[in-house]
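Everything below belongs to my_file_13.cif, which stores mmCIF, C-alpha atoms.
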data_start
#
loop_
_atom_site.label_atom_id
_atom_site.label_comp_id
_atom_site.auth_asym_id
_atom_site.auth_seq_id
_atom_site.Cartn_x
_atom_site.Cartn_y
_atom_site.Cartn_z
CA GLU A 19 8.26 145.28 -54.15
CA ALA A 20 7.82 141.56 -53.56
CA GLN A 21 10.59 140.34 -51.33
CA VAL A 22 11.84 138.09 -48.60
CA THR A 23 13.85 139.95 -45.98
CA GLN A 24 16.34 138.31 -43.67
CA ASN A 25 18.17 139.88 -40.78
CA PRO A 26 20.92 140.09 -39.94
CA ARG A 27 22.94 139.65 -43.13
CA TYR A 28 26.10 138.86 -41.23
CA LEU A 29 26.56 137.57 -37.71
CA ILE A 30 29.52 136.38 -35.70
CA THR A 31 28.67 134.82 -32.37
CA VAL A 32 30.13 132.58 -29.72
CA THR A 33 29.28 128.98 -28.98
CA GLY A 34 26.19 128.62 -26.83
CA LYS A 35 24.82 132.13 -27.17
CA LYS A 36 21.22 131.93 -28.35
CA LEU A 37 20.41 133.78 -31.54
CA THR A 38 17.49 134.37 -33.87
CA VAL A 39 17.59 135.04 -37.58
CA THR A 40 14.45 136.76 -38.74
CA CYS A 41 12.67 136.20 -42.04
CA SER A 42 9.73 138.17 -43.34
CA GLN A 43 7.88 138.02 -46.66
CA ASN A 44 5.41 140.53 -48.04
CA MET A 45 3.72 138.30 -50.62
CA ASN A 46 1.18 136.55 -48.38
CA HIS A 47 2.84 133.23 -49.17
CA GLU A 48 1.75 130.11 -47.35
CA TYR A 49 4.96 128.09 -47.68
CA MET A 50 8.20 129.14 -46.05
CA SER A 51 11.46 127.28 -45.61
CA TRP A 52 14.91 127.65 -44.17
CA TYR A 53 17.96 126.28 -45.98
CA ARG A 54 21.62 126.22 -45.19
CA GLN A 55 24.28 126.28 -47.87
CA ASP A 56 27.66 124.72 -47.32
CA PRO A 57 30.53 124.17 -49.78
CA GLY A 58 30.29 120.75 -51.37
CA LEU A 59 26.91 120.06 -49.78
CA GLY A 60 24.69 122.45 -51.68
CA LEU A 61 21.48 123.75 -50.13
CA ARG A 62 19.78 121.62 -47.53
CA GLN A 63 16.40 122.26 -46.00
CA ILE A 64 16.36 122.82 -42.24
CA TYR A 65 12.67 123.41 -41.48
CA TYR A 66 9.60 124.31 -43.43
CA SER A 67 6.14 125.68 -42.74
CA MET A 68 3.00 125.08 -44.75
CA ASN A 69 0.97 127.74 -42.94
CA VAL A 70 0.56 129.53 -39.65
CA GLU A 71 1.29 127.23 -36.71
CA VAL A 72 2.24 124.40 -39.09
CA THR A 73 5.95 123.58 -39.14
CA ASP A 74 7.97 120.46 -39.76
CA LYS A 75 11.53 119.24 -39.97
CA GLY A 76 13.52 119.23 -43.14
CA ASP A 77 16.70 117.28 -43.80
CA VAL A 78 18.97 118.88 -41.20
CA PRO A 79 16.85 120.16 -38.29
CA GLU A 80 19.18 119.30 -35.41
CA GLY A 81 20.13 122.34 -33.37
CA TYR A 82 17.46 124.58 -34.85
CA LYS A 83 13.95 125.70 -33.96
CA VAL A 84 11.37 127.68 -35.88
CA SER A 85 8.01 129.25 -35.25
CA ARG A 86 5.22 130.52 -37.49
CA LYS A 87 2.91 132.68 -35.43
CA GLU A 88 2.12 134.99 -38.33
CA LYS A 89 1.93 134.25 -42.00
CA ARG A 90 4.63 136.73 -42.96
CA ASN A 91 7.30 135.78 -40.40
CA PHE A 92 9.33 132.62 -40.01
CA PRO A 93 12.24 133.09 -37.60
CA LEU A 94 15.06 130.57 -37.26
CA ILE A 95 16.26 130.06 -33.72
CA LEU A 96 19.57 128.58 -32.64
CA GLU A 97 19.21 127.89 -28.92
CA SER A 98 22.85 126.92 -28.39
CA PRO A 99 24.88 127.55 -31.53
CA SER A 100 27.90 125.41 -32.25
CA PRO A 101 30.75 125.88 -34.75
CA ASN A 102 29.24 123.28 -37.10
CA GLN A 103 26.34 125.66 -37.62
CA THR A 104 28.65 128.13 -39.29
CA SER A 105 27.01 128.46 -42.69
CA LEU A 106 25.12 130.63 -45.15
CA TYR A 107 21.40 130.55 -44.36
CA PHE A 108 18.52 131.30 -46.70
CA CYS A 109 14.86 131.80 -46.07
CA ALA A 110 12.46 131.13 -48.93
CA SER A 111 8.75 131.45 -49.54
CA SER A 112 6.24 130.39 -52.19
CA ASP A 113 2.52 130.84 -52.53
CA ARG A 114 1.58 127.24 -53.08
CA LEU A 115 2.98 123.93 -54.06
CA ASN A 116 4.94 123.50 -57.24
CA THR A 117 5.63 127.15 -57.87
CA GLU A 118 8.73 129.27 -57.82
CA ALA A 119 10.37 130.09 -54.52
CA PHE A 120 11.51 133.55 -53.54
CA PHE A 121 14.72 133.67 -51.54
CA GLY A 122 16.07 136.15 -49.06
CA GLN A 123 19.54 137.61 -49.48
CA GLY A 124 21.05 135.22 -47.00
CA THR A 125 22.56 135.38 -43.53
CA ARG A 126 26.19 134.47 -43.16
CA LEU A 127 26.63 133.06 -39.67
CA THR A 128 29.95 132.33 -38.02
CA VAL A 129 30.01 130.56 -34.66
CA VAL A 130 33.35 130.67 -32.88
CA SER B 20 18.92 113.65 -49.39
CA GLN B 21 20.46 115.33 -52.38
CA GLN B 22 18.48 114.55 -55.49
CA GLY B 23 19.94 116.72 -58.20
CA GLU B 24 23.38 116.37 -59.64
CA GLU B 25 24.72 118.93 -61.98
CA ASP B 26 27.28 118.74 -64.69
CA PRO B 27 29.69 120.29 -65.21
CA GLN B 28 30.66 121.61 -61.79
CA ALA B 29 32.42 124.53 -63.42
CA LEU B 30 32.28 126.09 -66.87
CA SER B 31 34.33 128.91 -68.35
CA ILE B 32 33.41 130.46 -71.69
CA GLN B 33 33.93 133.62 -73.70
CA GLU B 34 31.29 136.28 -73.97
CA GLY B 35 28.96 135.54 -76.85
CA GLU B 36 29.30 131.77 -76.60
CA ASN B 37 26.53 129.49 -75.45
CA ALA B 38 26.61 127.74 -72.07
CA THR B 39 24.94 124.42 -71.40
CA MET B 40 24.43 122.94 -67.95
CA ASN B 41 22.89 119.60 -67.15
CA CYS B 42 20.98 118.30 -64.17
CA SER B 43 19.99 114.77 -63.26
CA TYR B 44 17.59 113.72 -60.56
CA LYS B 45 16.40 110.49 -59.02
CA THR B 46 12.71 110.48 -58.17
CA SER B 47 9.50 111.44 -59.91
CA ILE B 48 8.83 115.14 -59.95
CA ASN B 49 6.02 117.63 -60.50
CA ASN B 50 8.37 120.26 -61.83
CA LEU B 51 11.99 121.24 -62.15
CA GLN B 52 13.29 124.74 -61.59
CA TRP B 53 16.51 126.57 -62.34
CA TYR B 54 17.94 129.25 -60.11
CA ARG B 55 20.89 131.59 -60.37
CA GLN B 56 23.05 132.70 -57.48
CA ASN B 57 25.53 135.51 -57.66
CA SER B 58 28.42 135.06 -55.29
CA GLY B 59 27.21 134.82 -51.70
CA ARG B 60 23.81 136.27 -52.51
CA GLY B 61 20.27 134.91 -52.61
CA LEU B 62 18.98 132.60 -55.28
CA VAL B 63 16.94 134.08 -58.09
CA HIS B 64 14.35 132.00 -59.89
CA LEU B 65 14.98 131.70 -63.63
CA ILE B 66 12.51 129.24 -65.05
CA LEU B 67 10.16 126.42 -64.08
CA ILE B 68 9.32 123.49 -66.31
CA ARG B 69 6.55 121.08 -65.44
CA SER B 70 6.84 117.33 -65.75
CA ASN B 71 4.49 117.28 -68.76
CA GLU B 72 6.57 119.84 -70.65
CA ARG B 73 9.62 119.03 -72.73
CA GLU B 74 11.03 122.45 -73.51
CA LYS B 75 10.60 125.99 -72.33
CA HIS B 76 12.10 129.32 -73.33
CA SER B 77 12.59 132.57 -71.49
CA GLY B 78 14.63 135.23 -73.23
CA ARG B 79 18.13 133.80 -73.76
CA LEU B 80 17.32 130.75 -71.64
CA ARG B 81 16.19 127.42 -72.98
CA VAL B 82 15.36 124.55 -70.67
CA THR B 83 14.65 120.98 -71.68
CA LEU B 84 13.29 118.18 -69.57
CA ASP B 85 13.50 114.46 -70.27
CA THR B 86 11.52 112.64 -67.60
CA SER B 87 12.42 109.24 -69.03
CA LYS B 88 16.08 109.98 -68.39
CA LYS B 89 15.37 112.09 -65.31
CA SER B 90 17.46 114.90 -66.66
CA SER B 91 17.24 118.54 -67.63
CA SER B 92 19.48 121.01 -69.37
CA LEU B 93 19.77 124.76 -69.21
CA LEU B 94 21.12 126.57 -72.25
CA ILE B 95 22.13 130.21 -72.04
CA THR B 96 22.64 131.66 -75.49
CA ALA B 97 24.87 134.58 -76.41
CA SER B 98 26.32 134.71 -72.91
CA ARG B 99 27.33 137.97 -71.25
CA ALA B 100 29.79 138.74 -68.48
CA ALA B 101 26.78 139.47 -66.26
CA ASP B 102 25.73 135.81 -66.59
CA THR B 103 28.71 134.86 -64.42
CA ALA B 104 27.11 133.08 -61.44
CA SER B 105 26.28 129.68 -60.03
CA TYR B 106 23.28 127.89 -61.47
CA PHE B 107 21.22 125.36 -59.58
CA CYS B 108 18.49 122.99 -60.58
CA ALA B 109 15.84 122.23 -57.99
CA THR B 110 13.17 119.59 -57.95
CA ASP B 111 10.18 118.96 -55.82
CA ALA B 112 9.14 115.40 -55.09
CA SER B 113 5.89 114.40 -56.72
CA LEU B 114 4.69 112.51 -53.66
CA SER B 115 5.58 115.34 -51.31
CA ASN B 116 3.19 118.10 -50.34
CA THR B 117 5.65 120.13 -48.35
CA GLY B 118 6.82 122.63 -50.94
CA LYS B 119 10.32 121.37 -50.32
CA LEU B 120 12.87 121.90 -53.06
CA ILE B 121 15.84 119.60 -53.48
CA PHE B 122 18.82 121.34 -54.99
CA GLY B 123 21.68 120.11 -57.07
CA GLN B 124 25.27 121.05 -56.26
CA GLY B 125 25.29 123.75 -58.88
CA THR B 126 27.35 124.71 -61.90
CA THR B 127 29.67 127.68 -61.56
CA LEU B 128 29.69 129.63 -64.80
CA GLN B 129 32.35 132.17 -65.65
CA VAL B 130 31.83 134.30 -68.73
CA LYS B 131 34.97 136.11 -69.77
CA PRO B 132 34.59 139.49 -71.45
#
How does this structure look as structure tokens?
Amino acid sequence: EAQVTQNPRYLITVTGKKLTVTCSQNMNHEYMSWYRQDPGLGLRQIYYSMNVEVTDKGDVPEGYKVSRKEKRNFPLILESPSPNQTSLYFCASSDRLNTEAFFGQGTRLTVV
Amino acid sequence: SQQGEEDPQALSIQEGENATMNCSYKTSINNLQWYRQNSGRGLVHLILIRSNEREKHSGRLRVTLDTSKKSSSLLITASRAADTASYFCATDASLSNTGKLIFGQGTTLQVKP
């Protein structure tokens, strides 16, 4: 089954404790993105990747890092999480430009 | 920057009625997509309409696109309780080659049985 898998689905952590949210897709897609969704602000892109070893900042990259060492994986790293990073995070992938995106089920992160 | 704006923000209808949601955007696009999100879950792609298309159908969904007005509408006919969800339009930017989607704020649809 074609899917984008994120882990964990829920996470509560403390300020400053490094964490990684994993994202994996099984569709051999080139394009992958991370979004965060906040009430009243909609979905905003954090980082994106156009292929292996090619990543770039989206609209709200501060406080986040990503890597794309393999085509299928695109982890989101929070080196020193802060409460303002409490949000619902989505990973998405698509096979090329201007096509539909497939989304993961989301990771609800709370930073206390 | 947020490109899409959706209207209305919330919509409540009875089962069997039609639901219409509108989306406006600001810049030139290659395509416009509509997604559905059930509460707290991932977004599911519904339909994509390209900038050279004016109307597209998929089952009970009908999407129109007016590039001169930079607007789109999503019509769900004969709504069901299972259609209760949030609906988002998303645009790319025609001058962008990043695959980035810009989402509207969404319309929350409630279909009462």
| Separation of CA of Ser47 in chain B from CA of Leu84 in chain B, in Å and rounded to one decimal | 12.4 Å
| field | Straight-line distance linking CA of Tyr49 in chain A with CA of Asn102 in chain A, stated in Å to one decimal | value |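 Spanning CA of Tyr49 in chain A to CA of Asn102 in chain A is a straight-line distance of 26.9 Å.
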Give me the box for range 40-43 of chain B as lines of an AutoDock Vina configuration file, namely the centre and edge lengths in Å to one decimal of a box along x, y and z that holds every listed atom plus 8 Å on each side.
center_x = 22.2
center_y = 118.9
center_z = -65.6
size_x = 20.4
size_y = 24.2
size_z = 20.7
| said: Please return as an MDAnalysis selection string every residue within 12 Å of (21.1, 121.8, -59.6), taking into account all atoms listed in the file and the file's own coordinates. | reply: (chainID A and resid 59:61) or (chainID B and resid 21:28 40:44 51:56 62 90:93 105:111 120:127)
Please list as a CSV table (one decimal) with C-alpha atoms, keeping the file's coordinate frame every residue within 8 Å of range 77-89 of chain A, counting only C-alpha atoms and excluding residues in the same chain fewer than 2 positions away.
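Below is the file selection_15.csv, written as the result:
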chain,number,residue,atom,x,y,z
A,46,ASN,CA,1.2,136.6,-48.4
A,47,HIS,CA,2.8,133.2,-49.2
A,48,GLU,CA,1.8,130.1,-47.4
A,62,ARG,CA,19.8,121.6,-47.5
A,63,GLN,CA,16.4,122.3,-46.0
A,64,ILE,CA,16.4,122.8,-42.2
A,65,TYR,CA,12.7,123.4,-41.5
A,67,SER,CA,6.1,125.7,-42.7
A,69,ASN,CA,1.0,127.7,-42.9
A,70,VAL,CA,0.6,129.5,-39.6
A,71,GLU,CA,1.3,127.2,-36.7
A,72,VAL,CA,2.2,124.4,-39.1
A,73,THR,CA,6.0,123.6,-39.1
A,75,LYS,CA,11.5,119.2,-40.0
A,91,ASN,CA,7.3,135.8,-40.4
A,92,PHE,CA,9.3,132.6,-40.0
A,93,PRO,CA,12.2,133.1,-37.6
A,94,LEU,CA,15.1,130.6,-37.3
A,95,ILE,CA,16.3,130.1,-33.7
A,96,LEU,CA,19.6,128.6,-32.6
A,97,GLU,CA,19.2,127.9,-28.9
A,98,SER,CA,22.8,126.9,-28.4
A,99,PRO,CA,24.9,127.6,-31.5
B,20,SER,CA,18.9,113.6,-49.4
| If the PyMOL selection byres ((chain A) within 6 of (chain B)) is run on the structure shown, which residues does it catch, given as a list of chain:residue names? |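 Evaluating the PyMOL selection byres ((chain A) within 6 of (chain B)) on these coordinates yields A:Gly60, A:Leu115, A:Phe121, A:Gly122, A:Gln123, A:Gly124.
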Since the input lacks atoms, please generate N, CA and C atoms for range 29-55 of chain A and provide them as a PDB file, in the coordinates of the input.
ATOM      1  N   LEU A  29      26.556 137.718 -39.163  1.00  0.00           N
ATOM      2  CA  LEU A  29      26.560 137.570 -37.710  1.00  0.00           C
ATOM      3  C   LEU A  29      27.708 136.681 -37.293  1.00  0.00           C
ATOM      4  N   ILE A  30      28.493 137.188 -36.341  1.00  0.00           N
ATOM      5  CA  ILE A  30      29.520 136.380 -35.700  1.00  0.00           C
ATOM      6  C   ILE A  30      29.129 136.251 -34.242  1.00  0.00           C
ATOM      7  N   THR A  31      29.083 135.032 -33.753  1.00  0.00           N
ATOM      8  CA  THR A  31      28.670 134.820 -32.370  1.00  0.00           C
ATOM      9  C   THR A  31      29.547 133.748 -31.739  1.00  0.00           C
ATOM     10  N   VAL A  32      29.343 133.562 -30.447  1.00  0.00           N
ATOM     11  CA  VAL A  32      30.130 132.580 -29.720  1.00  0.00           C
ATOM     12  C   VAL A  32      29.285 131.342 -29.435  1.00  0.00           C
ATOM     13  N   THR A  33      29.949 130.239 -29.274  1.00  0.00           N
ATOM     14  CA  THR A  33      29.280 128.980 -28.980  1.00  0.00           C
ATOM     15  C   THR A  33      28.372 129.117 -27.767  1.00  0.00           C
ATOM     16  N   GLY A  34      27.129 128.657 -27.950  1.00  0.00           N
ATOM     17  CA  GLY A  34      26.190 128.620 -26.830  1.00  0.00           C
ATOM     18  C   GLY A  34      25.337 129.849 -26.635  1.00  0.00           C
ATOM     19  N   LYS A  35      25.602 130.897 -27.355  1.00  0.00           N
ATOM     20  CA  LYS A  35      24.820 132.130 -27.170  1.00  0.00           C
ATOM     21  C   LYS A  35      23.623 132.131 -28.122  1.00  0.00           C
ATOM     22  N   LYS A  36      22.452 132.035 -27.557  1.00  0.00           N
ATOM     23  CA  LYS A  36      21.220 131.930 -28.350  1.00  0.00           C
ATOM     24  C   LYS A  36      21.089 133.072 -29.355  1.00  0.00           C
ATOM     25  N   LEU A  37      20.629 132.737 -30.536  1.00  0.00           N
ATOM     26  CA  LEU A  37      20.410 133.780 -31.540  1.00  0.00           C
ATOM     27  C   LEU A  37      19.181 133.458 -32.379  1.00  0.00           C
ATOM     28  N   THR A  38      18.642 134.502 -32.977  1.00  0.00           N
ATOM     29  CA  THR A  38      17.490 134.370 -33.870  1.00  0.00           C
ATOM     30  C   THR A  38      17.785 135.093 -35.164  1.00  0.00           C
ATOM     31  N   VAL A  39      17.520 134.420 -36.257  1.00  0.00           N
ATOM     32  CA  VAL A  39      17.590 135.040 -37.580  1.00  0.00           C
ATOM     33  C   VAL A  39      16.153 135.245 -38.052  1.00  0.00           C
ATOM     34  N   THR A  40      15.829 136.473 -38.365  1.00  0.00           N
ATOM     35  CA  THR A  40      14.450 136.760 -38.740  1.00  0.00           C
ATOM     36  C   THR A  40      14.252 136.624 -40.249  1.00  0.00           C
ATOM     37  N   CYS A  41      13.039 136.299 -40.631  1.00  0.00           N
ATOM     38  CA  CYS A  41      12.670 136.200 -42.040  1.00  0.00           C
ATOM     39  C   CYS A  41      11.248 136.717 -42.179  1.00  0.00           C
ATOM     40  N   SER A  42      11.054 137.601 -43.118  1.00  0.00           N
ATOM     41  CA  SER A  42       9.730 138.170 -43.340  1.00  0.00           C
ATOM     42  C   SER A  42       9.471 138.265 -44.830  1.00  0.00           C
ATOM     43  N   GLN A  43       8.257 137.898 -45.244  1.00  0.00           N
ATOM     44  CA  GLN A  43       7.880 138.020 -46.660  1.00  0.00           C
ATOM     45  C   GLN A  43       6.605 138.846 -46.775  1.00  0.00           C
ATOM     46  N   ASN A  44       6.536 139.620 -47.865  1.00  0.00           N
ATOM     47  CA  ASN A  44       5.410 140.530 -48.040  1.00  0.00           C
ATOM     48  C   ASN A  44       4.479 140.090 -49.165  1.00  0.00           C
ATOM     49  N   MET A  45       4.490 138.806 -49.485  1.00  0.00           N
ATOM     50  CA  MET A  45       3.720 138.300 -50.620  1.00  0.00           C
ATOM     51  C   MET A  45       2.535 137.427 -50.194  1.00  0.00           C
ATOM     52  N   ASN A  46       2.284 137.363 -48.904  1.00  0.00           N
ATOM     53  CA  ASN A  46       1.180 136.550 -48.380  1.00  0.00           C
ATOM     54  C   ASN A  46       1.331 135.067 -48.738  1.00  0.00           C
ATOM     55  N   HIS A  47       2.587 134.620 -48.814  1.00  0.00           N
ATOM     56  CA  HIS A  47       2.840 133.230 -49.170  1.00  0.00           C
ATOM     57  C   HIS A  47       2.529 132.297 -48.016  1.00  0.00           C
ATOM     58  N   GLU A  48       2.039 131.110 -48.370  1.00  0.00           N
ATOM     59  CA  GLU A  48       1.750 130.110 -47.350  1.00  0.00           C
ATOM     60  C   GLU A  48       3.012 129.334 -46.941  1.00  0.00           C
ATOM     61  N   TYR A  49       3.833 128.988 -47.929  1.00  0.00           N
ATOM     62  CA  TYR A  49       4.960 128.090 -47.680  1.00  0.00           C
ATOM     63  C   TYR A  49       6.228 128.891 -47.427  1.00  0.00           C
ATOM     64  N   MET A  50       6.912 128.534 -46.356  1.00  0.00           N
ATOM     65  CA  MET A  50       8.200 129.140 -46.050  1.00  0.00           C
ATOM     66  C   MET A  50       9.161 128.061 -45.601  1.00  0.00           C
ATOM     67  N   SER A  51      10.429 128.277 -45.925  1.00  0.00           N
ATOM     68  CA  SER A  51      11.460 127.280 -45.610  1.00  0.00           C
ATOM     69  C   SER A  51      12.741 127.979 -45.188  1.00  0.00           C
ATOM     70  N   TRP A  52      13.545 127.243 -44.462  1.00  0.00           N
ATOM     71  CA  TRP A  52      14.910 127.650 -44.170  1.00  0.00           C
ATOM     72  C   TRP A  52      15.857 126.614 -44.769  1.00  0.00           C
ATOM     73  N   TYR A  53      16.924 127.129 -45.410  1.00  0.00           N
ATOM     74  CA  TYR A  53      17.960 126.280 -45.980  1.00  0.00           C
ATOM     75  C   TYR A  53      19.311 126.749 -45.450  1.00  0.00           C
ATOM     76  N   ARG A  54      20.242 125.820 -45.416  1.00  0.00           N
ATOM     77  CA  ARG A  54      21.620 126.220 -45.190  1.00  0.00           C
ATOM     78  C   ARG A  54      22.444 125.776 -46.381  1.00  0.00           C
ATOM     79  N   GLN A  55      23.436 126.573 -46.711  1.00  0.00           N
ATOM     80  CA  GLN A  55      24.280 126.280 -47.870  1.00  0.00           C
ATOM     81  C   GLN A  55      25.713 126.150 -47.414  1.00  0.00           C
TER      82      GLN A  55
END
